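Student: Compact mmCIF, N, CA and C atoms, saved as protein.txt, coming up:
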# COMPACT_ATOMS: atom_id res chain seq x y z
N MET A 26 0.84 -1.18 0.00
CA MET A 26 0.00 0.00 0.00
C MET A 26 0.89 1.24 0.00
N ALA A 27 0.66 2.14 -0.91
CA ALA A 27 1.44 3.36 -1.03
C ALA A 27 0.74 4.52 -0.33
N THR A 28 1.53 5.37 0.29
CA THR A 28 1.01 6.57 0.94
C THR A 28 1.84 7.74 0.46
N GLY A 29 1.19 8.79 -0.03
CA GLY A 29 1.91 9.97 -0.48
C GLY A 29 2.03 11.00 0.62
N VAL A 30 3.19 11.64 0.71
CA VAL A 30 3.41 12.74 1.65
C VAL A 30 4.13 13.86 0.90
N ARG A 31 3.96 15.06 1.38
CA ARG A 31 4.56 16.23 0.73
C ARG A 31 5.94 16.51 1.35
N VAL A 32 6.91 16.83 0.51
CA VAL A 32 8.24 17.22 0.97
C VAL A 32 8.18 18.69 1.36
N GLN A 33 8.64 19.00 2.57
CA GLN A 33 8.64 20.37 3.07
C GLN A 33 9.86 21.12 2.54
N ALA A 34 9.92 22.41 2.82
CA ALA A 34 10.96 23.30 2.29
C ALA A 34 12.38 22.82 2.63
N LYS A 35 12.57 22.27 3.80
CA LYS A 35 13.91 21.81 4.21
C LYS A 35 14.14 20.34 3.88
N GLY A 36 13.30 19.76 3.03
CA GLY A 36 13.46 18.36 2.64
C GLY A 36 12.86 17.38 3.62
N GLN A 37 12.14 17.88 4.62
CA GLN A 37 11.54 17.01 5.63
C GLN A 37 10.24 16.40 5.13
N VAL A 38 9.99 15.18 5.57
CA VAL A 38 8.71 14.52 5.31
C VAL A 38 8.22 13.91 6.61
N THR A 39 6.93 13.76 6.73
CA THR A 39 6.35 13.10 7.89
C THR A 39 6.12 11.65 7.53
N ILE A 40 6.67 10.74 8.34
CA ILE A 40 6.45 9.32 8.12
C ILE A 40 5.04 9.00 8.61
N PRO A 41 4.21 8.43 7.77
CA PRO A 41 2.84 8.14 8.18
C PRO A 41 2.79 7.28 9.45
N ALA A 42 1.78 7.55 10.28
CA ALA A 42 1.64 6.88 11.58
C ALA A 42 1.65 5.36 11.44
N ARG A 43 0.98 4.85 10.43
CA ARG A 43 0.90 3.40 10.23
C ARG A 43 2.30 2.80 10.05
N ILE A 44 3.17 3.51 9.33
CA ILE A 44 4.54 3.03 9.12
C ILE A 44 5.37 3.20 10.38
N ARG A 45 5.19 4.33 11.08
CA ARG A 45 5.92 4.53 12.35
C ARG A 45 5.58 3.43 13.34
N ARG A 46 4.30 3.05 13.40
CA ARG A 46 3.90 1.96 14.31
C ARG A 46 4.53 0.64 13.88
N ARG A 47 4.49 0.36 12.60
CA ARG A 47 5.02 -0.90 12.09
C ARG A 47 6.52 -1.04 12.37
N LEU A 48 7.25 0.08 12.24
CA LEU A 48 8.68 0.08 12.50
C LEU A 48 9.03 0.36 13.96
N ASN A 49 7.99 0.59 14.77
CA ASN A 49 8.18 0.94 16.18
C ASN A 49 9.11 2.15 16.32
N LEU A 50 8.86 3.18 15.53
CA LEU A 50 9.67 4.40 15.57
C LEU A 50 9.17 5.33 16.66
N GLN A 51 10.12 5.84 17.43
CA GLN A 51 9.83 6.78 18.50
C GLN A 51 10.57 8.08 18.21
N PRO A 52 10.12 9.21 18.77
CA PRO A 52 10.84 10.47 18.56
C PRO A 52 12.31 10.32 18.95
N GLY A 53 13.19 10.78 18.09
CA GLY A 53 14.63 10.69 18.34
C GLY A 53 15.29 9.46 17.73
N ASP A 54 14.52 8.47 17.28
CA ASP A 54 15.09 7.28 16.65
C ASP A 54 15.78 7.66 15.34
N LEU A 55 16.77 6.87 14.97
CA LEU A 55 17.44 7.05 13.69
C LEU A 55 16.85 6.09 12.68
N VAL A 56 16.76 6.54 11.44
CA VAL A 56 16.30 5.67 10.36
C VAL A 56 17.36 5.67 9.26
N LEU A 57 17.37 4.62 8.49
CA LEU A 57 18.28 4.49 7.37
C LEU A 57 17.50 4.60 6.07
N PHE A 58 18.05 5.31 5.11
CA PHE A 58 17.51 5.36 3.76
C PHE A 58 18.48 4.56 2.89
N ILE A 59 18.01 3.45 2.35
CA ILE A 59 18.86 2.55 1.57
C ILE A 59 18.40 2.58 0.12
N GLU A 60 19.30 3.02 -0.76
CA GLU A 60 18.96 3.07 -2.18
C GLU A 60 19.01 1.67 -2.77
N THR A 61 17.97 1.30 -3.51
CA THR A 61 17.91 0.02 -4.20
C THR A 61 17.53 0.28 -5.65
N PRO A 62 17.69 -0.70 -6.53
CA PRO A 62 17.29 -0.50 -7.92
C PRO A 62 15.80 -0.16 -8.06
N GLU A 63 14.98 -0.62 -7.10
CA GLU A 63 13.54 -0.38 -7.17
C GLU A 63 13.12 0.95 -6.56
N GLY A 64 14.00 1.58 -5.79
CA GLY A 64 13.66 2.83 -5.12
C GLY A 64 14.45 2.96 -3.83
N VAL A 65 13.86 3.60 -2.83
CA VAL A 65 14.53 3.82 -1.56
C VAL A 65 13.80 3.04 -0.48
N LEU A 66 14.56 2.32 0.32
CA LEU A 66 14.03 1.53 1.43
C LEU A 66 14.28 2.29 2.72
N LEU A 67 13.27 2.38 3.56
CA LEU A 67 13.39 3.04 4.86
C LEU A 67 13.43 1.95 5.92
N ARG A 68 14.47 1.98 6.78
CA ARG A 68 14.59 1.00 7.85
C ARG A 68 14.93 1.70 9.15
N ARG A 69 14.50 1.13 10.22
CA ARG A 69 14.88 1.62 11.55
C ARG A 69 16.34 1.24 11.79
N ALA A 70 17.14 2.18 12.25
CA ALA A 70 18.54 1.90 12.56
C ALA A 70 18.61 1.23 13.93
N GLU A 71 19.36 0.16 14.00
CA GLU A 71 19.55 -0.54 15.26
C GLU A 71 20.89 -0.11 15.84
N LEU A 72 20.86 0.46 17.01
CA LEU A 72 22.08 0.91 17.66
C LEU A 72 22.49 -0.09 18.73
N VAL A 73 23.79 -0.32 18.83
CA VAL A 73 24.32 -1.19 19.88
C VAL A 73 25.39 -0.42 20.63
N ASP A 74 25.60 -0.79 21.88
CA ASP A 74 26.64 -0.13 22.65
C ASP A 74 28.00 -0.60 22.13
N GLU A 75 29.04 0.13 22.47
CA GLU A 75 30.38 -0.18 21.94
C GLU A 75 30.84 -1.57 22.34
N THR A 76 30.54 -1.99 23.57
CA THR A 76 30.94 -3.33 24.00
C THR A 76 30.25 -4.38 23.15
N GLY A 77 28.95 -4.20 22.92
CA GLY A 77 28.21 -5.14 22.09
C GLY A 77 28.73 -5.14 20.66
N LEU A 78 29.07 -3.96 20.17
CA LEU A 78 29.62 -3.84 18.81
C LEU A 78 30.95 -4.58 18.71
N ARG A 79 31.82 -4.37 19.68
CA ARG A 79 33.11 -5.06 19.67
C ARG A 79 32.93 -6.58 19.67
N GLN A 80 32.01 -7.07 20.51
CA GLN A 80 31.78 -8.51 20.59
C GLN A 80 31.24 -9.05 19.27
N LYS A 81 30.28 -8.34 18.68
CA LYS A 81 29.70 -8.79 17.42
C LYS A 81 30.75 -8.79 16.31
N LEU A 82 31.52 -7.72 16.23
CA LEU A 82 32.55 -7.64 15.20
C LEU A 82 33.61 -8.73 15.39
N ALA A 83 34.02 -8.97 16.62
CA ALA A 83 35.02 -10.01 16.87
C ALA A 83 34.48 -11.37 16.46
N THR A 84 33.20 -11.63 16.75
CA THR A 84 32.57 -12.89 16.34
C THR A 84 32.51 -13.00 14.82
N ASP A 85 32.06 -11.93 14.16
CA ASP A 85 31.97 -11.93 12.71
C ASP A 85 33.34 -12.14 12.07
N ILE A 86 34.35 -11.47 12.59
CA ILE A 86 35.69 -11.60 12.03
C ILE A 86 36.24 -12.99 12.29
N ALA A 87 35.96 -13.54 13.46
CA ALA A 87 36.40 -14.91 13.75
C ALA A 87 35.76 -15.90 12.77
N ASP A 88 34.49 -15.68 12.45
CA ASP A 88 33.82 -16.53 11.46
C ASP A 88 34.51 -16.41 10.10
N LEU A 89 34.83 -15.19 9.70
CA LEU A 89 35.54 -14.99 8.44
C LEU A 89 36.92 -15.63 8.46
N ARG A 90 37.57 -15.52 9.60
CA ARG A 90 38.90 -16.11 9.74
C ARG A 90 38.83 -17.62 9.56
N GLN A 91 37.80 -18.21 10.15
CA GLN A 91 37.62 -19.66 10.05
C GLN A 91 37.37 -20.08 8.60
N ARG A 92 36.60 -19.26 7.88
CA ARG A 92 36.27 -19.60 6.49
C ARG A 92 37.37 -19.25 5.50
N PHE A 93 38.13 -18.19 5.75
CA PHE A 93 39.06 -17.69 4.74
C PHE A 93 40.53 -17.76 5.14
N GLY A 94 40.84 -18.47 6.17
CA GLY A 94 42.24 -18.63 6.52
C GLY A 94 42.61 -17.88 7.79
N ASP A 95 43.83 -18.05 8.18
CA ASP A 95 44.31 -17.48 9.44
C ASP A 95 44.68 -16.01 9.31
N LEU A 96 44.14 -15.22 10.21
CA LEU A 96 44.53 -13.82 10.33
C LEU A 96 45.20 -13.67 11.69
N PRO A 97 46.29 -12.93 11.76
CA PRO A 97 46.91 -12.70 13.06
C PRO A 97 45.95 -11.92 13.98
N ALA A 98 46.04 -12.15 15.27
CA ALA A 98 45.17 -11.48 16.25
C ALA A 98 45.28 -9.96 16.11
N GLU A 99 46.47 -9.46 15.81
CA GLU A 99 46.65 -8.02 15.66
C GLU A 99 45.84 -7.48 14.48
N GLU A 100 45.77 -8.26 13.41
CA GLU A 100 45.01 -7.82 12.24
C GLU A 100 43.51 -7.83 12.55
N ILE A 101 43.07 -8.84 13.29
CA ILE A 101 41.65 -8.88 13.70
C ILE A 101 41.33 -7.65 14.54
N GLN A 102 42.19 -7.34 15.50
CA GLN A 102 41.97 -6.18 16.35
C GLN A 102 41.93 -4.90 15.51
N ALA A 103 42.82 -4.79 14.54
CA ALA A 103 42.85 -3.61 13.67
C ALA A 103 41.55 -3.50 12.87
N LEU A 104 41.05 -4.62 12.37
CA LEU A 104 39.79 -4.61 11.63
C LEU A 104 38.62 -4.20 12.53
N VAL A 105 38.61 -4.69 13.76
CA VAL A 105 37.55 -4.31 14.71
C VAL A 105 37.61 -2.80 14.97
N GLU A 106 38.79 -2.28 15.21
CA GLU A 106 38.93 -0.84 15.47
C GLU A 106 38.51 -0.01 14.27
N GLU A 107 38.87 -0.47 13.08
CA GLU A 107 38.48 0.24 11.85
C GLU A 107 36.96 0.26 11.69
N ALA A 108 36.32 -0.87 11.96
CA ALA A 108 34.86 -0.95 11.85
C ALA A 108 34.19 -0.05 12.88
N ILE A 109 34.73 0.01 14.08
CA ILE A 109 34.17 0.88 15.12
C ILE A 109 34.29 2.34 14.70
N GLN A 110 35.45 2.73 14.16
CA GLN A 110 35.63 4.11 13.70
C GLN A 110 34.65 4.44 12.59
N SER A 111 34.43 3.51 11.68
CA SER A 111 33.47 3.73 10.60
C SER A 111 32.06 3.91 11.14
N SER A 112 31.70 3.12 12.16
CA SER A 112 30.35 3.20 12.71
C SER A 112 30.13 4.54 13.41
N ARG A 113 31.16 5.13 13.94
CA ARG A 113 31.03 6.42 14.62
C ARG A 113 30.77 7.56 13.65
N GLN A 114 31.04 7.34 12.38
CA GLN A 114 30.84 8.38 11.38
C GLN A 114 29.39 8.48 10.95
N PHE A 115 28.53 7.49 11.29
CA PHE A 115 27.15 7.46 10.83
C PHE A 115 26.36 8.71 11.16
N PRO A 116 26.31 9.18 12.45
CA PRO A 116 25.45 10.32 12.75
C PRO A 116 25.82 11.59 11.99
N GLY A 117 27.05 11.75 11.58
CA GLY A 117 27.46 12.96 10.89
C GLY A 117 27.19 12.95 9.40
N THR A 118 26.77 11.82 8.84
CA THR A 118 26.59 11.74 7.40
C THR A 118 25.23 12.22 6.98
Show how you would write the structure in this file as structure tokens.
Tutor:
Amino acid sequence: MATGVRVQAKGQVTIPARIRRRLNLQPGDLVLFIETPEGVLLRRAELVDETGLRQKLATDIADLRQRFGDLPAEEIQALVEEAIQSSRQFPGT
């Protein structure tokens, strides 16, 4: 079901209530706009604390290490730090 909304002078749009409810969006939440060949997808951004992020990244990298060969622990740590730095850039974009 499509719903039309008007773009305001500063590029703002109001997300229809039905969609806000479906995505469980609350005031102050972050959303992602993902460009696809079919159009733009709107998703709720999931935020994790830094400790949780480090654990998830370490697990993901360990999985990759298991599948693609041995990486030194220092390289894994560097990849985790790089990913954390990249994630910190999100709010400013």
Student: DSSP on the backbone: which residues in chain A end up as strand (DSSP E)? Give the answer as a ChimeraX atom specification.
Tutor: /A:56-61,64-69
Student: Output as a tab-separated table one row per residue of region 39-94 of chain A within 8 Å of region 101-112 of chain A: the closest atom pair and its distance in Å to one decimal place, counting all atoms listed in the file, sorted by chain and residue number ascending.
Tutor:
residue	atom	partner	partner_atom	distance
A:Glu75	CA	A:Ile109	CA	7.9
A:Leu78	C	A:Ile109	CA	7.3
A:Arg79	CA	A:Val105	CA	6.7
A:Leu82	C	A:Val105	CA	6.0
A:Ala83	N	A:Val105	CA	6.2
A:Ile86	CA	A:Ile101	CA	6.8
A:Ala87	N	A:Ile101	CA	7.4
Student: One decimal, in Å: what's the spacing between atom N of Pro62 (chain A) and atom N of Met26 (chain A)?
Tutor: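 Distance between the two atoms: 18.1 Å.
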Student: Tell me, which residues of chain A carry DSSP helix (DSSP H, G or I), written as a CSV table (one decimal) with N, CA and C atoms, in the coordinates of the input?
Tutor:
chain,number,residue,atom,x,y,z
A,42,ALA,N,1.8,7.6,10.3
A,42,ALA,CA,1.6,6.9,11.6
A,42,ALA,C,1.6,5.4,11.4
A,43,ARG,N,1.0,4.8,10.4
A,43,ARG,CA,0.9,3.4,10.2
A,43,ARG,C,2.3,2.8,10.0
A,44,ILE,N,3.2,3.5,9.3
A,44,ILE,CA,4.5,3.0,9.1
A,44,ILE,C,5.4,3.2,10.4
A,45,ARG,N,5.2,4.3,11.1
A,45,ARG,CA,5.9,4.5,12.4
A,45,ARG,C,5.6,3.4,13.3
A,46,ARG,N,4.3,3.0,13.4
A,46,ARG,CA,3.9,2.0,14.3
A,46,ARG,C,4.5,0.6,13.9
A,47,ARG,N,4.5,0.4,12.6
A,47,ARG,CA,5.0,-0.9,12.1
A,47,ARG,C,6.5,-1.0,12.4
A,48,LEU,N,7.2,0.1,12.2
A,48,LEU,CA,8.7,0.1,12.5
A,48,LEU,C,9.0,0.4,14.0
A,75,GLU,N,29.0,0.1,22.5
A,75,GLU,CA,30.4,-0.2,21.9
A,75,GLU,C,30.8,-1.6,22.3
A,76,THR,N,30.5,-2.0,23.6
A,76,THR,CA,30.9,-3.3,24.0
A,76,THR,C,30.2,-4.4,23.2
A,77,GLY,N,29.0,-4.2,22.9
A,77,GLY,CA,28.2,-5.1,22.1
A,77,GLY,C,28.7,-5.1,20.7
A,78,LEU,N,29.1,-4.0,20.2
A,78,LEU,CA,29.6,-3.8,18.8
A,78,LEU,C,31.0,-4.6,18.7
A,79,ARG,N,31.8,-4.4,19.7
A,79,ARG,CA,33.1,-5.1,19.7
A,79,ARG,C,32.9,-6.6,19.7
A,80,GLN,N,32.0,-7.1,20.5
A,80,GLN,CA,31.8,-8.5,20.6
A,80,GLN,C,31.2,-9.0,19.3
A,81,LYS,N,30.3,-8.3,18.7
A,81,LYS,CA,29.7,-8.8,17.4
A,81,LYS,C,30.8,-8.8,16.3
A,82,LEU,N,31.5,-7.7,16.2
A,82,LEU,CA,32.6,-7.6,15.2
A,82,LEU,C,33.6,-8.7,15.4
A,83,ALA,N,34.0,-9.0,16.6
A,83,ALA,CA,35.0,-10.0,16.9
A,83,ALA,C,34.5,-11.4,16.5
A,84,THR,N,33.2,-11.6,16.8
A,84,THR,CA,32.6,-12.9,16.3
A,84,THR,C,32.5,-13.0,14.8
A,85,ASP,N,32.1,-11.9,14.2
A,85,ASP,CA,32.0,-11.9,12.7
A,85,ASP,C,33.3,-12.1,12.1
A,86,ILE,N,34.4,-11.5,12.6
A,86,ILE,CA,35.7,-11.6,12.0
A,86,ILE,C,36.2,-13.0,12.3
A,87,ALA,N,36.0,-13.5,13.5
A,87,ALA,CA,36.4,-14.9,13.8
A,87,ALA,C,35.8,-15.9,12.8
A,88,ASP,N,34.5,-15.7,12.4
A,88,ASP,CA,33.8,-16.5,11.5
A,88,ASP,C,34.5,-16.4,10.1
A,89,LEU,N,34.8,-15.2,9.7
A,89,LEU,CA,35.5,-15.0,8.4
A,89,LEU,C,36.9,-15.6,8.5
A,90,ARG,N,37.6,-15.5,9.6
A,90,ARG,CA,38.9,-16.1,9.7
A,90,ARG,C,38.8,-17.6,9.6
A,91,GLN,N,37.8,-18.2,10.2
A,91,GLN,CA,37.6,-19.7,10.0
A,91,GLN,C,37.4,-20.1,8.6
A,92,ARG,N,36.6,-19.3,7.9
A,92,ARG,CA,36.3,-19.6,6.5
A,92,ARG,C,37.4,-19.2,5.5
A,93,PHE,N,38.1,-18.2,5.8
A,93,PHE,CA,39.1,-17.7,4.7
A,93,PHE,C,40.5,-17.8,5.1
A,98,ALA,N,46.0,-12.2,15.3
A,98,ALA,CA,45.2,-11.5,16.2
A,98,ALA,C,45.3,-10.0,16.1
A,99,GLU,N,46.5,-9.5,15.8
A,99,GLU,CA,46.6,-8.0,15.7
A,99,GLU,C,45.8,-7.5,14.5
A,100,GLU,N,45.8,-8.3,13.4
A,100,GLU,CA,45.0,-7.8,12.2
A,100,GLU,C,43.5,-7.8,12.6
A,101,ILE,N,43.1,-8.8,13.3
A,101,ILE,CA,41.6,-8.9,13.7
A,101,ILE,C,41.3,-7.6,14.5
A,102,GLN,N,42.2,-7.3,15.5
A,102,GLN,CA,42.0,-6.2,16.4
A,102,GLN,C,41.9,-4.9,15.5
A,103,ALA,N,42.8,-4.8,14.5
A,103,ALA,CA,42.8,-3.6,13.7
A,103,ALA,C,41.6,-3.5,12.9
A,104,LEU,N,41.0,-4.6,12.4
A,104,LEU,CA,39.8,-4.6,11.6
A,104,LEU,C,38.6,-4.2,12.5
A,105,VAL,N,38.6,-4.7,13.8
A,105,VAL,CA,37.6,-4.3,14.7
A,105,VAL,C,37.6,-2.8,15.0
A,106,GLU,N,38.8,-2.3,15.2
A,106,GLU,CA,38.9,-0.8,15.5
A,106,GLU,C,38.5,0.0,14.3
A,107,GLU,N,38.9,-0.5,13.1
A,107,GLU,CA,38.5,0.2,11.8
A,107,GLU,C,37.0,0.3,11.7
A,108,ALA,N,36.3,-0.9,12.0
A,108,ALA,CA,34.9,-1.0,11.8
A,108,ALA,C,34.2,0.0,12.9
A,109,ILE,N,34.7,0.0,14.1
A,109,ILE,CA,34.2,0.9,15.1
A,109,ILE,C,34.3,2.3,14.7
A,110,GLN,N,35.4,2.7,14.2
A,110,GLN,CA,35.6,4.1,13.7
A,110,GLN,C,34.6,4.4,12.6
A,111,SER,N,34.4,3.5,11.7
A,111,SER,CA,33.5,3.7,10.6
A,111,SER,C,32.1,3.9,11.1
A,112,SER,N,31.7,3.1,12.2
A,112,SER,CA,30.4,3.2,12.7
A,112,SER,C,30.1,4.5,13.4
A,113,ARG,N,31.2,5.1,13.9
A,113,ARG,CA,31.0,6.4,14.6
A,113,ARG,C,30.8,7.6,13.6
A,115,PHE,N,28.5,7.5,11.3
A,115,PHE,CA,27.2,7.5,10.8
A,115,PHE,C,26.4,8.7,11.2
A,116,PRO,N,26.3,9.2,12.4
A,116,PRO,CA,25.4,10.3,12.8
A,116,PRO,C,25.8,11.6,12.0
A,117,GLY,N,27.0,11.8,11.6
A,117,GLY,CA,27.5,13.0,10.9
A,117,GLY,C,27.2,13.0,9.4
Student: Mind pulling up the distance from atom N of Gln80 (chain A) to CA of Arg92 (chain A)?
Tutor: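 Result for CA of Arg92 (chain A) versus atom N of Gln80 (chain A): 19.3 Å, one decimal.
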Student: Please compute the atom C of Leu96 (chain A)-CA of Asp74 (chain A) distance, one decimal, in Å.
Tutor: 25.5 Å
Student: From the options A:Ala27, A:Val32, A:Ala70, A:Ala42, which residue's atoms come nearest to Val56 (chain A), counting only N, CA and C atoms?
Tutor: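 The shortest atom-to-atom distance to Val56 (chain A) comes from A:Ala70.
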Student: I want to know what sits within 8 Å of Leu67 (chain A), based on only C-alpha atoms, with residues of the same chain fewer than 5 positions away left out; could you give that as a PyMOL selection string?
Tutor: chain A and resi 56-59
Student: Please produce a file of the residues just selected, as a CSV table (one decimal), in the frame of the given file, where the atoms kept are N, CA and C atoms.
Tutor:
chain,number,residue,atom,x,y,z
A,56,VAL,N,16.8,6.5,11.4
A,56,VAL,CA,16.3,5.7,10.4
A,56,VAL,C,17.4,5.7,9.3
A,57,LEU,N,17.4,4.6,8.5
A,57,LEU,CA,18.3,4.5,7.4
A,57,LEU,C,17.5,4.6,6.1
A,58,PHE,N,18.0,5.3,5.1
A,58,PHE,CA,17.5,5.4,3.8
A,58,PHE,C,18.5,4.6,2.9
A,59,ILE,N,18.0,3.4,2.4
A,59,ILE,CA,18.9,2.6,1.6
A,59,ILE,C,18.4,2.6,0.1
